[in-house]
Amino acid sequence: MELNKDLFIIPIEEGNIIYSPLRRGVFWANKEATLLVRKFLESGRLEVSSDDKVQQYLYELSKVVANEPEVKLKPSTNSLVIILSQICNLACTYCYAQEARSKEVLSKDKLKIAYDFVLADANPEKYFTFIGGGEPFVTWDTIEWSINYINQHKSTSDKVSFSITSNATLFDDYKIAFCKENNIHIGVSFEIIKNVQDSQRPFYKSSKSTFDVIHNNIKRLIDSGISFGIRSTITKQNVSLMPEMVKFVVDNYPTLKRLHFEQVTDSSQNNADFYKEFIDYFFKARTIGKECGIDVYNSISNSVFRIKHCFCGGETCITPTGAIVACHRISSENDKGYNVFNYGRITKEGLEISDFKYNSYLEFTNRKKQECEECFAFWHCAGICPMERVVLSDQQLLNKCDFTREIVKRILIERIIQQEK
Amino acid sequence: MGANKYVSELIFLDVNVAVQCDCSDPGTGADDCKCEDH
């Protein structure tokens with residue numbers, strides 16, 4: 001792609017950010033310097049031997065090869081996302097699996113078929129992620145059996161990574177030791193501030209504080225030296241508390257160096273005011289985090305450091321019924337959009353993947369709005385999370401676009417300022 | 001950046017060209033997304 005098609009002028013309070021996403025180049029320019037960039041965009045002509053810094057930068061950028069990301073054409077065969085059940089001991093207010101509740105647990109026969117499929121893949125790097133649906137530790141016996149099965153059947157050259165996303169209420173010494181021994185990463189979903197945690201993530205059948213249980217369990221994870229992370233869901237209730245949450249982590253969980261604050265996907269909350277507030281407090285939290293050695297991030301700030309063709313090429317996610325879906329958030333026939341995200345099932349013969357349905361999903365996820373082509377965040381956002389496209393209204397999606405652009409812009413500013421220090 | 005400056009330095013960002021989505025935690029390869037608010 002030619003440079004003038006890969007160069008954006010992004011206005012900020014003073015001057016402009018000049019950004020070439022595919023060449024990964026960025027600089028700040030004042031008004032005068034920006035005029036030269038505009039001139040180049042209009043004419044496409046470079047002044048090769050100029051003393052002017054802008055001309056030099058543009059020339060330098062023009063020499064960089066603009067690599068477009070690969071287009072994903074097939075489901076992952078070395079990475080499996082596993083929803084063992086939809087059973088949960090919590091009743092989170094914003095849970096995406098509320099419509100999916102059932103008591104079914106994925107059978108070991110089906111699991112064996114799915115694990116054998118991934119273990120047969122030529123890529124030695126293999127990923128197994130246990131996630132909800134239901135709380136994975138509710139079905140601990142099946143997790144333990146799964147890890148043992150995979151370890152027994154992997155080849156010597158395989159590099160297997162395990163992770164479990166958990167609400168961290170059901171740990172005990174044995175389970176923690178097992179996870180440590182098998183190098184399992186634990187992703188803890190936790191709101192950090194007691195009253196928010198207890199209100200947004202209460203027990204299903206008890207008024208006991210979930211915060212007290214999880215706070216204690218996180219300390220056990222730290223003592224055990226296990227690899228873990230915390231991901232907090234940010235809603236209207238805790239959006240202004242992000243800086244406080246970072247301080248709490250600094251004071252209480254000193255080994256934690258990364259903190260994930262993700263905005264809730266909820267059609268009743270995702271309006272422009274919420275996104276604006278999120279950005280204000282997220283960057284305050286990020287600044288405090290930086291001072292204390294903690295990287296505060298979310299899916300959009302992460303995305304600045306990756307370029308991609310579509311936001312998500314789809315997971316190979318198996319559900320409790322043995323269906324294969326592209327997103328673990330849309331894992332039951334009760335979920336809106338299930339027909340778009342479901343593209344196969346586990347049969348006695350193996351994983352039956354419908355090319356037609358997978359391609360239909362890809363067609364959906366690759367679909368972009370006309371405005372996307374002119375957007376400097378195109379290669380980061382890549383058309384927004386397909387699940388959000390199902391859940392949010394058109395207006396909310398436009399709000400999400402503004403939100404995405406603002407975060408990308410602020411991360412670019414951060415990098416320029418960091419370089420200047 | 002600032003009143004007296006013409007341009008900042010040109011910098012190049014470190015980046016992965018990915019087929020994965022940003023749901024994945026780059027540190028662990030684990031799904032640590034958007035997605036896990038459960």
# chains A, B, ... in the order shown; residues from 1 in each chain; ligands from 1
call {"tool": "residues_around", "arguments": {"residues": "A:Glu125", "least_positions_apart": "5", "cutoff": "8 Å", "atoms": "only C-alpha atoms", "output": "count of residues only"}}
result
5
call {"tool": "closest_atom_pairs", "arguments": {"of": "chain A", "to": "chain B", "cutoff": "7 Å", "atoms": "only C-alpha atoms", "output": "CSV"}}
result
residue,atom,partner,partner_atom,distance
A:Arg24,CA,B:Phe12,CA,5.3
A:Gly25,CA,B:Phe12,CA,4.5
A:Val26,CA,B:Ile11,CA,5.5
A:Phe27,CA,B:Leu10,CA,4.8
A:Trp28,CA,B:Ser8,CA,5.1
A:Ala29,CA,B:Val7,CA,4.4
A:Asn30,CA,B:Tyr6,CA,5.4
A:Ala33,CA,B:Tyr6,CA,6.2
A:Tyr57,CA,B:Leu10,CA,6.6
A:Pro69,CA,B:Val17,CA,5.5
A:Glu70,CA,B:Val19,CA,6.6
A:Lys72,CA,B:Val19,CA,6.3
A:Cys95,CA,B:His38,CA,5.8
A:Thr129,CA,B:Ala30,CA,6.7
A:Gly132,CA,B:His38,CA,6.2
A:Ser163,CA,B:Ala30,CA,5.9
A:Thr165,CA,B:Glu36,CA,6.7
A:Asn167,CA,B:His38,CA,6.9
A:Gly187,CA,B:Asp32,CA,6.7
A:Ser189,CA,B:Asp37,CA,6.2
A:Thr233,CA,B:Asp37,CA,6.0
A:Glu262,CA,B:Lys34,CA,5.9
A:Ser299,CA,B:Asp22,CA,5.3
A:Asn302,CA,B:Asp22,CA,6.5
A:Ser303,CA,B:Asp22,CA,5.9
A:Phe305,CA,B:Val15,CA,4.6
A:Arg306,CA,B:Asn16,CA,4.7
A:Ile307,CA,B:Val17,CA,5.2
A:Lys308,CA,B:Ala18,CA,5.5
A:Phe311,CA,B:Cys21,CA,5.6
A:Cys312,CA,B:Cys21,CA,4.6
A:Gly313,CA,B:Gln20,CA,6.7
A:Arg329,CA,B:Cys35,CA,6.8
call {"tool": "write_last_selection", "arguments": {"atoms": "N, CA and C atoms", "output": "mmCIF file, in the first residue's frame"}}
result
data_model
loop_
_atom_site.group_PDB
_atom_site.id
_atom_site.type_symbol
_atom_site.label_atom_id
_atom_site.label_comp_id
_atom_site.auth_asym_id
_atom_site.auth_seq_id
_atom_site.Cartn_x
_atom_site.Cartn_y
_atom_site.Cartn_z
ATOM 1 N N ARG A 24 3.870 1.357 10.934
ATOM 2 C CA ARG A 24 4.076 1.443 12.371
ATOM 3 C C ARG A 24 4.794 2.718 12.793
ATOM 4 N N GLY A 25 4.798 3.727 11.921
ATOM 5 C CA GLY A 25 5.515 4.969 12.213
ATOM 6 C C GLY A 25 4.572 6.032 12.752
ATOM 7 N N VAL A 26 5.063 6.839 13.685
ATOM 8 C CA VAL A 26 4.220 7.886 14.252
ATOM 9 C C VAL A 26 5.096 9.054 14.701
ATOM 10 N N PHE A 27 4.597 10.267 14.486
ATOM 11 C CA PHE A 27 5.263 11.443 15.043
ATOM 12 C C PHE A 27 4.240 12.552 15.267
ATOM 13 N N TRP A 28 4.641 13.510 16.064
ATOM 14 C CA TRP A 28 3.780 14.664 16.306
ATOM 15 C C TRP A 28 4.240 15.800 15.397
ATOM 16 N N ALA A 29 3.286 16.589 14.907
ATOM 17 C CA ALA A 29 3.640 17.723 14.035
ATOM 18 C C ALA A 29 2.852 18.957 14.461
ATOM 19 N N ASN A 30 3.507 20.116 14.394
ATOM 20 C CA ASN A 30 2.750 21.349 14.671
ATOM 21 C C ASN A 30 1.979 21.757 13.401
ATOM 22 N N ALA A 33 4.094 22.084 10.172
ATOM 23 C CA ALA A 33 4.574 20.782 9.706
ATOM 24 C C ALA A 33 3.426 19.953 9.131
ATOM 25 N N TYR A 57 10.984 12.504 7.260
ATOM 26 C CA TYR A 57 10.178 11.448 7.895
ATOM 27 C C TYR A 57 9.325 10.718 6.853
ATOM 28 N N PRO A 69 -1.727 -7.618 7.486
ATOM 29 C CA PRO A 69 -1.844 -8.890 8.212
ATOM 30 C C PRO A 69 -2.495 -9.963 7.362
ATOM 31 N N GLU A 70 -2.229 -11.203 7.767
ATOM 32 C CA GLU A 70 -2.823 -12.333 7.036
ATOM 33 C C GLU A 70 -4.332 -12.369 7.247
ATOM 34 N N LYS A 72 -7.355 -14.710 8.000
ATOM 35 C CA LYS A 72 -7.573 -16.048 8.536
ATOM 36 C C LYS A 72 -8.621 -16.770 7.690
ATOM 37 N N CYS A 95 -23.446 -11.015 33.571
ATOM 38 C CA CYS A 95 -22.929 -12.262 32.977
ATOM 39 C C CYS A 95 -23.490 -12.503 31.577
ATOM 40 N N THR A 129 -7.641 -23.525 26.852
ATOM 41 C CA THR A 129 -8.186 -22.513 27.757
ATOM 42 C C THR A 129 -9.551 -22.959 28.275
ATOM 43 N N GLY A 132 -15.695 -19.882 31.239
ATOM 44 C CA GLY A 132 -17.153 -19.976 31.349
ATOM 45 C C GLY A 132 -17.805 -19.422 30.115
ATOM 46 N N SER A 163 -4.624 -22.560 30.486
ATOM 47 C CA SER A 163 -5.093 -21.457 31.314
ATOM 48 C C SER A 163 -6.548 -21.716 31.720
ATOM 49 N N THR A 165 -9.852 -19.548 33.272
ATOM 50 C CA THR A 165 -10.463 -18.302 33.713
ATOM 51 C C THR A 165 -11.454 -18.633 34.811
ATOM 52 N N ASN A 167 -13.631 -17.484 38.700
ATOM 53 C CA ASN A 167 -14.067 -16.447 39.647
ATOM 54 C C ASN A 167 -13.304 -16.550 40.969
ATOM 55 N N GLY A 187 -6.588 -16.948 35.197
ATOM 56 C CA GLY A 187 -7.126 -15.596 34.980
ATOM 57 C C GLY A 187 -8.272 -15.382 35.949
ATOM 58 N N SER A 189 -11.284 -13.340 37.450
ATOM 59 C CA SER A 189 -12.257 -12.264 37.199
ATOM 60 C C SER A 189 -12.648 -11.688 38.550
ATOM 61 N N THR A 233 -14.188 -6.225 35.273
ATOM 62 C CA THR A 233 -15.183 -5.699 34.345
ATOM 63 C C THR A 233 -15.611 -4.321 34.841
ATOM 64 N N GLU A 262 -11.593 -4.104 31.575
ATOM 65 C CA GLU A 262 -12.346 -4.176 30.326
ATOM 66 C C GLU A 262 -13.754 -3.602 30.510
ATOM 67 N N SER A 299 -8.623 -4.331 25.944
ATOM 68 C CA SER A 299 -8.505 -4.925 24.605
ATOM 69 C C SER A 299 -8.118 -3.881 23.558
ATOM 70 N N ASN A 302 -4.371 -2.793 24.053
ATOM 71 C CA ASN A 302 -3.584 -3.917 23.513
ATOM 72 C C ASN A 302 -3.514 -3.871 21.992
ATOM 73 N N SER A 303 -4.633 -3.501 21.410
ATOM 74 C CA SER A 303 -4.756 -3.621 19.954
ATOM 75 C C SER A 303 -3.817 -2.684 19.205
ATOM 76 N N PHE A 305 -0.826 -2.426 19.531
ATOM 77 C CA PHE A 305 0.440 -3.108 19.264
ATOM 78 C C PHE A 305 0.265 -4.377 18.432
ATOM 79 N N ARG A 306 -0.882 -4.461 17.790
ATOM 80 C CA ARG A 306 -1.111 -5.538 16.835
ATOM 81 C C ARG A 306 -1.892 -4.971 15.660
ATOM 82 N N ILE A 307 -1.648 -5.529 14.512
ATOM 83 C CA ILE A 307 -2.525 -5.162 13.404
ATOM 84 C C ILE A 307 -3.182 -6.435 12.892
ATOM 85 N N LYS A 308 -4.377 -6.308 12.447
ATOM 86 C CA LYS A 308 -5.099 -7.500 12.020
ATOM 87 C C LYS A 308 -6.193 -7.148 11.011
ATOM 88 N N PHE A 311 -11.327 -8.215 13.661
ATOM 89 C CA PHE A 311 -11.115 -8.153 15.108
ATOM 90 C C PHE A 311 -10.877 -9.542 15.683
ATOM 91 N N CYS A 312 -11.649 -10.504 15.216
ATOM 92 C CA CYS A 312 -11.506 -11.867 15.746
ATOM 93 C C CYS A 312 -11.829 -12.861 14.646
ATOM 94 N N GLY A 313 -10.854 -13.717 14.356
ATOM 95 C CA GLY A 313 -11.067 -14.737 13.325
ATOM 96 C C GLY A 313 -11.863 -15.918 13.837
ATOM 97 N N ARG A 329 -18.672 -16.511 24.264
ATOM 98 C CA ARG A 329 -19.781 -15.748 24.841
ATOM 99 C C ARG A 329 -21.107 -16.111 24.188
#
